[in-house]
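Notes for the one structure printed next.
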Amino acid sequence: MTGTNGNPERTVAVVHAGLGQPSSTRLLADRLADATVRELEALGHEVTVEMVELRDHGHAIVDAMLTGFPTGDLARDIETITRADAVIAVTPLFTTTYSGLFKSFVDILDKDALTGMPVLLGATGGTPRHSLALEYSLRPLFTYLRADVVTTSVFAATDDWAQAGGEAHDDGGSSLPQRIERAGRSLAGIVSARGGHTKTADPFSSTPSFLDMLGG
Amino acid sequence: MQFGIFSVSDVTTDPTTGHTPDDTERVRAMLTIAKHADEAGLDVFATGEHHNPPFVASSPTTMLGYLAGVTKNITLSTATTLITTNDPVRIAEEYAMLQVISDGRMDLMMGRGNTGPVYPWFGQDIRQGIPLAIENYALVRRLWTEDVVDWEGKFRTPLQGFTATPRPLDGVPPFVWHGSIRSPEIAEQAAYYGDGFLHNNIFWPMSHTKQMVAFYRQRFEHYGHGRADQAIVGLGGQAFMRKNSQDAWNEFRPYFDNAPVYGHGPSMEDFTRDTPLTVGSPQQVIDRYGSFIDDVGYYQRQLFLVDHAGLPLKTVLEQIDILGSEVVPELRKIADAKRPEGVPANPPTHAERVAAARAAGETGATHVGDGGDEYTGKRAEEVLS
């Protein structure tokens with residue numbers, strides 16, 4: 001029981017901003033989720049994966065930005081993400097950074113929605129030259145939101161998908177499957193060590209009492 | 001339950017004609033709308049307070065003071081009075097004056113204002129919004145209930161031996177609401193004082209409104225003002241009505257599509273599903289608004305936004321007529337039937353508050369001092385000469 005820290009159930013929310021059908025961004029998201037689930041199950045957890053495809057919410061995300069509140073399926077999916085035990089977030093890189101759809105989605109989240117949340121980052125791009133976008137744009141974004149971002153993030157360029165599983169990368173770095181495994185293991189380790197679902201259902205539980213406000 | 005209208009006083013181009021009223025036309029339209037609401041038998045007219053274009057309502061007590069003289073029955077109120085950027089001393093004085101002039105036919109709603117740049121125009125900082133609302137309102141209450149006030153706080157100069165005049169009508173301050181959409185701290189404030197809480201839900205789904213109102217009710221009971229279901233609650237609302245539902249949709253759609261807040265965003269179909277906006281026949285409005293009690297419990301005040309997004313004055317007056325003649329009488333019946341035992345039907349009137357204060361021995365003075373001012377050393381005659 002020590003390995004599962006009490007409650008063995010864990011929910012991993014996967015959110016990706018891939019647009020194509022099929023989508024390499026979705027493919028990377030699936031692989032990261034699989035690696036995480038495998039490792040969590042090995043640690044004795046029962047894992048539920050919730051997949052959120054931002055393409056389905058394109059109009060709703062802009063509406064939420066204009067009206068100030070999300071509705072319908074989008075509101076439900078945001079709830080799913082903020083109540084999860086971990087989030088895997090994957091975006092295609094457009095014009096040197098995360099896609100506009102991905103950022104718009106992050107923009108409509110409550111500023112505290114991901115505080116303390118274990119987050120694994122992934123990105124896809126046309127060439128390996130953009131791989132550091134994960135470090136200079138995605139990581140600071142989630143650090144600002146006070147998420148607990150896993151050290152390993154995974155970038156997949158078009159070339160990476162051609163690489164055979166166990167082989168080292170042409171440039172000597174580890175292969176995409178190896179990086180996915182490492183990332184999934186890191187996230188699983190963090191999620192396993194924590195208790196399940198500590199998020200409170202009462203949105204006003206942190207409201208200070210009036211006497212404190214009056215005195216402060 | 002009281003039914004009324006509230007205005008944000010926006011100057012917006014009518015998208016169907018291209019006509020944009022000037023400020024004078026818009027202010028006078030608001031006066032006409034308020035008088036019409038009184039004649040149509042509505043219970044409340046509330047004006048917003050804004051200090052930036054495209055809004056014209058910068059001076060609520062001037063407007064409401066005039067309306068007190070030309071209306072008969074309607075309760076005059078605000079939506080909202082800016083508790084953050086107004087000097088609390090001026091709020092205490094101006095609304096006591098309005099209370100006297102209207103013979104108690106008024107109340108007011110405190111709100112913070114959510115436009116950052118407005119705060120420094122009045123010497124304040126929006127980052128201090130909540131602390132300003134807390135400190136300023138605490139001072140307003142003291143100025144109304146205590147005849148001579150010594151006070152020191154963070155946000156304005158101290159007061160020594162200060163008396164706000166005129167003293168409240170019959171020695172009893174006006175009833176106060178607190179309006180907030182997202183901040184539970186304000187619901188907490190309203191609950192602490194046993195004041196009213198209005199959730200202006202016109203741009204929000206009922207799931208959110210339910211949470212905020214439930215929190216206020218629970219805290220109202222916690223602070224010992226009565227049962228949770230006896231707390232004084234108000235809701236916002238928005239409707240556009242024609243005899244035939246499809247006519248209402250066709251006529252309102254260009255105003256919706258170009259409206260300042262939600263225009264060019266969600267479709268009217270989505271927005272009417274997700275928010276209280278109801279476009280259709282009077283019966284559809286009755287059905288929808290008659291059901292809100294089931295969501296938030298019996299509440300005491302329902303306000304409708306009817307004069308926005310560039311709607312012509314003639315159309316607004318027609319909407320008020322439909323509310324007064326067809327919708328409100330039915331909603332009153334529904335509300336009465338759904339009101340639990342021991343829950344107030346309406347927010348307290350001035351007469352009820354006076355009776356309660358007298359019973360509790362809590363009425364204040366209606367005049368302070370003997371005609372002299374010991375601090376400036378002047379009597380009234382000296383000032384005049």
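Quick note on naming: the chains in the structure tokens go A, B, ... in the order shown, residues restart at 1 in each chain, and ligands are numbered from 1 in order of appearance.
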Exercise. Residues at most 12 Å from A:Ala156, counting only C-alpha atoms, excluding those fewer than 4 positions away in the same chain, as a PyMOL selection string?
Worked result: chain A and resi 24-29+31-32+90-93+121-134+160-163+174-180
Keeping only C-alpha atoms, write those residues as a tab-separated table (two decimals), in the first residue's frame.
```tsv
chain	number	residue	atom	x	y	z
A	24	SER	CA	0.64	13.42	-34.94
A	25	THR	CA	-0.07	15.56	-31.87
A	26	ARG	CA	-2.84	13.17	-30.87
A	27	LEU	CA	-0.49	10.29	-31.53
A	28	LEU	CA	2.15	11.75	-29.21
A	29	ALA	CA	-0.52	12.43	-26.57
A	31	ARG	CA	1.86	7.50	-26.45
A	32	LEU	CA	2.59	9.68	-23.43
A	90	VAL	CA	0.40	18.41	-26.01
A	91	THR	CA	0.36	21.06	-28.71
A	92	PRO	CA	1.62	21.43	-32.23
A	93	LEU	CA	4.15	24.23	-32.62
A	121	LEU	CA	4.38	18.61	-21.63
A	122	GLY	CA	4.65	17.46	-25.22
A	123	ALA	CA	4.88	19.19	-28.58
A	124	THR	CA	5.08	18.30	-32.24
A	125	GLY	CA	6.75	20.20	-35.03
A	126	GLY	CA	8.01	19.89	-38.57
A	127	THR	CA	11.71	19.97	-37.76
A	128	PRO	CA	13.85	19.26	-34.69
A	129	ARG	CA	15.07	22.85	-34.78
A	130	HIS	CA	11.99	23.94	-32.81
A	131	SER	CA	12.38	21.44	-30.01
A	132	LEU	CA	13.38	24.06	-27.43
A	133	ALA	CA	9.99	25.77	-27.77
A	134	LEU	CA	8.92	23.36	-25.03
A	160	ASP	CA	11.24	11.14	-34.97
A	161	TRP	CA	8.31	9.03	-36.07
A	162	ALA	CA	10.59	7.24	-38.55
A	163	GLN	CA	13.07	6.28	-35.85
A	174	SER	CA	17.68	9.01	-27.06
A	175	SER	CA	14.94	7.92	-29.42
A	176	LEU	CA	11.35	9.19	-29.24
A	177	PRO	CA	10.06	5.95	-27.65
A	178	GLN	CA	12.81	6.15	-25.05
A	179	ARG	CA	11.96	9.76	-24.25
A	180	ILE	CA	8.26	8.94	-24.03
```
For this session: Tell me the residues of chain B close to chain A, meaning within 8 Å using only C-alpha atoms, as a ChimeraX atom specification.
Result: /B:131,134-135,184-185,188-189,192,203-205,215,261-262,265-266,274
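Interatomic distance, atom CA of B:Tyr95 to atom CA of B:Tyr66: 13.3 Å.
With only C-alpha atoms as the atoms that count, the residue of B:Leu98, B:Ile186, B:Ala231, B:Met212 with the shortest distance to B:Tyr298 is B:Ala231.
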Exercise. Neighbours of B:Thr75 within 10 Å (only C-alpha atoms; same-chain residues fewer than 3 positions away dropped), as a ChimeraX atom specification?
Worked result: /B:2,4,38,42-46,64,67-68,71-72,102,104-108,349
For this session: Run DSSP on the backbone of this structure and report the residues of stretch 55-265 of chain B it assigns to alpha helix (DSSP H), as a ChimeraX atom specification.
Result: /B:60-70,88-101,118-121,129-145,184-193,206-222,245-257
For this session: Could you give me, as a PyMOL selection string, the residues within 9 Å of A:Val191, counting only C-alpha atoms and dropping anything in the same chain fewer than 6 positions from it?
Result: chain A and resi 10+40+85-86+118
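We find atom CA of B:Thr20 and atom CA of B:Thr272 to be spaced 26.2 Å apart.
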Nearby residues (only C-alpha atoms) at most 10 Å from A:Gly58, same-chain spacing under 4 positions excluded, as a PDB file with C-alpha atoms, in the first residue's frame:
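Full text of part_23.pdb as output:
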```
ATOM      1  CA  ALA A  17      -4.482  20.797 -29.667  1.00  0.00           C
ATOM      2  CA  GLU A  53      -9.490  17.246 -27.936  1.00  0.00           C
ATOM      3  CA  LEU A  54      -9.389  21.032 -28.178  1.00  0.00           C
ATOM      4  CA  VAL A  62     -13.576  31.751 -28.336  1.00  0.00           C
ATOM      5  CA  ASP A  63     -17.103  32.149 -26.956  1.00  0.00           C
ATOM      6  CA  LEU A  74     -16.176  22.600 -22.764  1.00  0.00           C
ATOM      7  CA  LEU A 101      -5.992  27.294 -29.958  1.00  0.00           C
ATOM      8  CA  PHE A 102      -3.867  25.744 -27.212  1.00  0.00           C
ATOM      9  CA  SER A 104      -6.628  30.336 -25.898  1.00  0.00           C
ATOM     10  CA  PHE A 105      -7.687  27.262 -23.976  1.00  0.00           C
TER      11      PHE A 105
END
```
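Atom CA of B:Ile202 is positioned 6.3 Å from atom CA of B:Gln238.
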Exercise. Which residues in stretch 32-134 of chain A does DSSP call strand (DSSP E)? List them as a list in words.
Worked result: Glu46, Val47, Thr48, Val49, Glu50, Met51, Val52, Glu53, Ala86, Val87, Ile88, Ala89, Val90, Thr91, Pro92, Leu93, Phe94, Thr97, Tyr98, Pro118, Val119, Leu120, Leu121, Gly122, Ala123, Thr124 and Gly125 of chain A
Write the residues you've just listed into a file as an mmCIF file, in the first residue's frame, and include N, CA and C atoms for each of them.
```
data_model
loop_
_atom_site.group_PDB
_atom_site.id
_atom_site.type_symbol
_atom_site.label_atom_id
_atom_site.label_comp_id
_atom_site.auth_asym_id
_atom_site.auth_seq_id
_atom_site.Cartn_x
_atom_site.Cartn_y
_atom_site.Cartn_z
ATOM 1 N N GLU A 46 -5.092 1.878 -10.250
ATOM 2 C CA GLU A 46 -6.146 1.745 -11.259
ATOM 3 C C GLU A 46 -6.242 3.108 -11.923
ATOM 4 N N VAL A 47 -6.070 3.133 -13.241
ATOM 5 C CA VAL A 47 -5.938 4.415 -13.931
ATOM 6 C C VAL A 47 -7.094 4.660 -14.896
ATOM 7 N N THR A 48 -7.648 5.852 -14.847
ATOM 8 C CA THR A 48 -8.636 6.290 -15.832
ATOM 9 C C THR A 48 -8.005 7.399 -16.667
ATOM 10 N N VAL A 49 -8.112 7.282 -17.980
ATOM 11 C CA VAL A 49 -7.590 8.331 -18.864
ATOM 12 C C VAL A 49 -8.764 9.087 -19.480
ATOM 13 N N GLU A 50 -8.733 10.420 -19.370
ATOM 14 C CA GLU A 50 -9.767 11.261 -19.992
ATOM 15 C C GLU A 50 -9.103 12.061 -21.111
ATOM 16 N N MET A 51 -9.562 11.877 -22.331
ATOM 17 C CA MET A 51 -8.965 12.557 -23.476
ATOM 18 C C MET A 51 -9.785 13.796 -23.852
ATOM 19 N N VAL A 52 -9.147 14.951 -23.912
ATOM 20 C CA VAL A 52 -9.826 16.195 -24.306
ATOM 21 C C VAL A 52 -9.189 16.700 -25.597
ATOM 22 N N GLU A 53 -9.981 16.763 -26.647
ATOM 23 C CA GLU A 53 -9.490 17.246 -27.936
ATOM 24 C C GLU A 53 -9.953 18.691 -28.120
ATOM 25 N N ALA A 86 -3.416 14.189 -12.755
ATOM 26 C CA ALA A 86 -2.291 14.619 -13.586
ATOM 27 C C ALA A 86 -2.819 15.059 -14.940
ATOM 28 N N VAL A 87 -2.074 15.944 -15.588
ATOM 29 C CA VAL A 87 -2.469 16.411 -16.913
ATOM 30 C C VAL A 87 -1.300 16.204 -17.872
ATOM 31 N N ILE A 88 -1.612 15.648 -19.031
ATOM 32 C CA ILE A 88 -0.642 15.574 -20.122
ATOM 33 C C ILE A 88 -1.119 16.577 -21.176
ATOM 34 N N ALA A 89 -0.304 17.581 -21.467
ATOM 35 C CA ALA A 89 -0.716 18.650 -22.385
ATOM 36 C C ALA A 89 0.199 18.643 -23.601
ATOM 37 N N VAL A 90 -0.398 18.533 -24.783
ATOM 38 C CA VAL A 90 0.399 18.406 -26.008
ATOM 39 C C VAL A 90 -0.138 19.369 -27.071
ATOM 40 N N THR A 91 0.770 20.099 -27.688
ATOM 41 C CA THR A 91 0.359 21.062 -28.709
ATOM 42 C C THR A 91 1.263 20.960 -29.920
ATOM 43 N N PRO A 92 0.727 21.228 -31.094
ATOM 44 C CA PRO A 92 1.625 21.431 -32.234
ATOM 45 C C PRO A 92 2.305 22.794 -32.080
ATOM 46 N N LEU A 93 3.486 22.928 -32.634
ATOM 47 C CA LEU A 93 4.151 24.234 -32.621
ATOM 48 C C LEU A 93 3.821 24.955 -33.924
ATOM 49 N N PHE A 94 3.258 26.137 -33.771
ATOM 50 C CA PHE A 94 2.953 26.972 -34.938
ATOM 51 C C PHE A 94 3.761 28.250 -34.800
ATOM 52 N N THR A 97 5.891 28.620 -31.590
ATOM 53 C CA THR A 97 5.393 28.408 -30.222
ATOM 54 C C THR A 97 4.101 27.585 -30.228
ATOM 55 N N TYR A 98 3.499 27.408 -29.031
ATOM 56 C CA TYR A 98 2.231 26.676 -28.936
ATOM 57 C C TYR A 98 1.196 27.304 -29.864
ATOM 58 N N PRO A 118 0.465 17.948 -11.293
ATOM 59 C CA PRO A 118 1.543 17.346 -12.077
ATOM 60 C C PRO A 118 1.201 17.434 -13.570
ATOM 61 N N VAL A 119 2.099 18.031 -14.346
ATOM 62 C CA VAL A 119 1.833 18.230 -15.770
ATOM 63 C C VAL A 119 3.024 17.722 -16.575
ATOM 64 N N LEU A 120 2.706 16.939 -17.593
ATOM 65 C CA LEU A 120 3.719 16.483 -18.540
ATOM 66 C C LEU A 120 3.479 17.203 -19.862
ATOM 67 N N LEU A 121 4.529 17.813 -20.420
ATOM 68 C CA LEU A 121 4.377 18.607 -21.631
ATOM 69 C C LEU A 121 4.895 17.858 -22.845
ATOM 70 N N GLY A 122 4.188 18.017 -23.951
ATOM 71 C CA GLY A 122 4.647 17.458 -25.216
ATOM 72 C C GLY A 122 4.340 18.434 -26.338
ATOM 73 N N ALA A 123 5.134 18.327 -27.427
ATOM 74 C CA ALA A 123 4.880 19.189 -28.576
ATOM 75 C C ALA A 123 5.326 18.477 -29.841
ATOM 76 N N THR A 124 4.688 18.844 -30.937
ATOM 77 C CA THR A 124 5.083 18.297 -32.236
ATOM 78 C C THR A 124 5.444 19.438 -33.162
ATOM 79 N N GLY A 125 6.350 19.163 -34.088
ATOM 80 C CA GLY A 125 6.754 20.195 -35.034
ATOM 81 C C GLY A 125 7.341 19.563 -36.279
#
```
For this session: Write out as a count of residues only which residues come within 8 Å of B:Arg227 when counting only C-alpha atoms, dropping same-chain ones fewer than 5 positions away.
Result: 3
For this session: Please provide the set of residues having any atom within 10 Å of A:Gly6, restricted to only C-alpha atoms, with same-chain residues fewer than 6 positions apart removed, written as a VMD selection string.
Result: chain A and resid 192 to 196
For those residues, write N, CA and C atoms to a file as a PDB file, in the first residue's frame.
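And here's again16.pdb as it stands now:
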```pdb
ATOM      1  N   SER A 192       1.963   8.836  -8.357  1.00  0.00           N
ATOM      2  CA  SER A 192       1.819   7.709  -7.447  1.00  0.00           C
ATOM      3  C   SER A 192       2.111   8.115  -6.006  1.00  0.00           C
ATOM      4  N   ALA A 193       3.129   8.969  -5.856  1.00  0.00           N
ATOM      5  CA  ALA A 193       3.545   9.355  -4.507  1.00  0.00           C
ATOM      6  C   ALA A 193       2.504  10.228  -3.807  1.00  0.00           C
ATOM      7  N   ARG A 194       1.651  10.853  -4.598  1.00  0.00           N
ATOM      8  CA  ARG A 194       0.631  11.718  -4.001  1.00  0.00           C
ATOM      9  C   ARG A 194      -0.626  10.925  -3.706  1.00  0.00           C
ATOM     10  N   GLY A 195      -1.432  11.421  -2.784  1.00  0.00           N
ATOM     11  CA  GLY A 195      -2.745  10.838  -2.559  1.00  0.00           C
ATOM     12  C   GLY A 195      -3.624  11.152  -3.752  1.00  0.00           C
ATOM     13  N   GLY A 196      -4.654  10.334  -3.972  1.00  0.00           N
ATOM     14  CA  GLY A 196      -5.586  10.628  -5.066  1.00  0.00           C
ATOM     15  C   GLY A 196      -6.494  11.767  -4.680  1.00  0.00           C
TER      16      GLY A 196
END
```
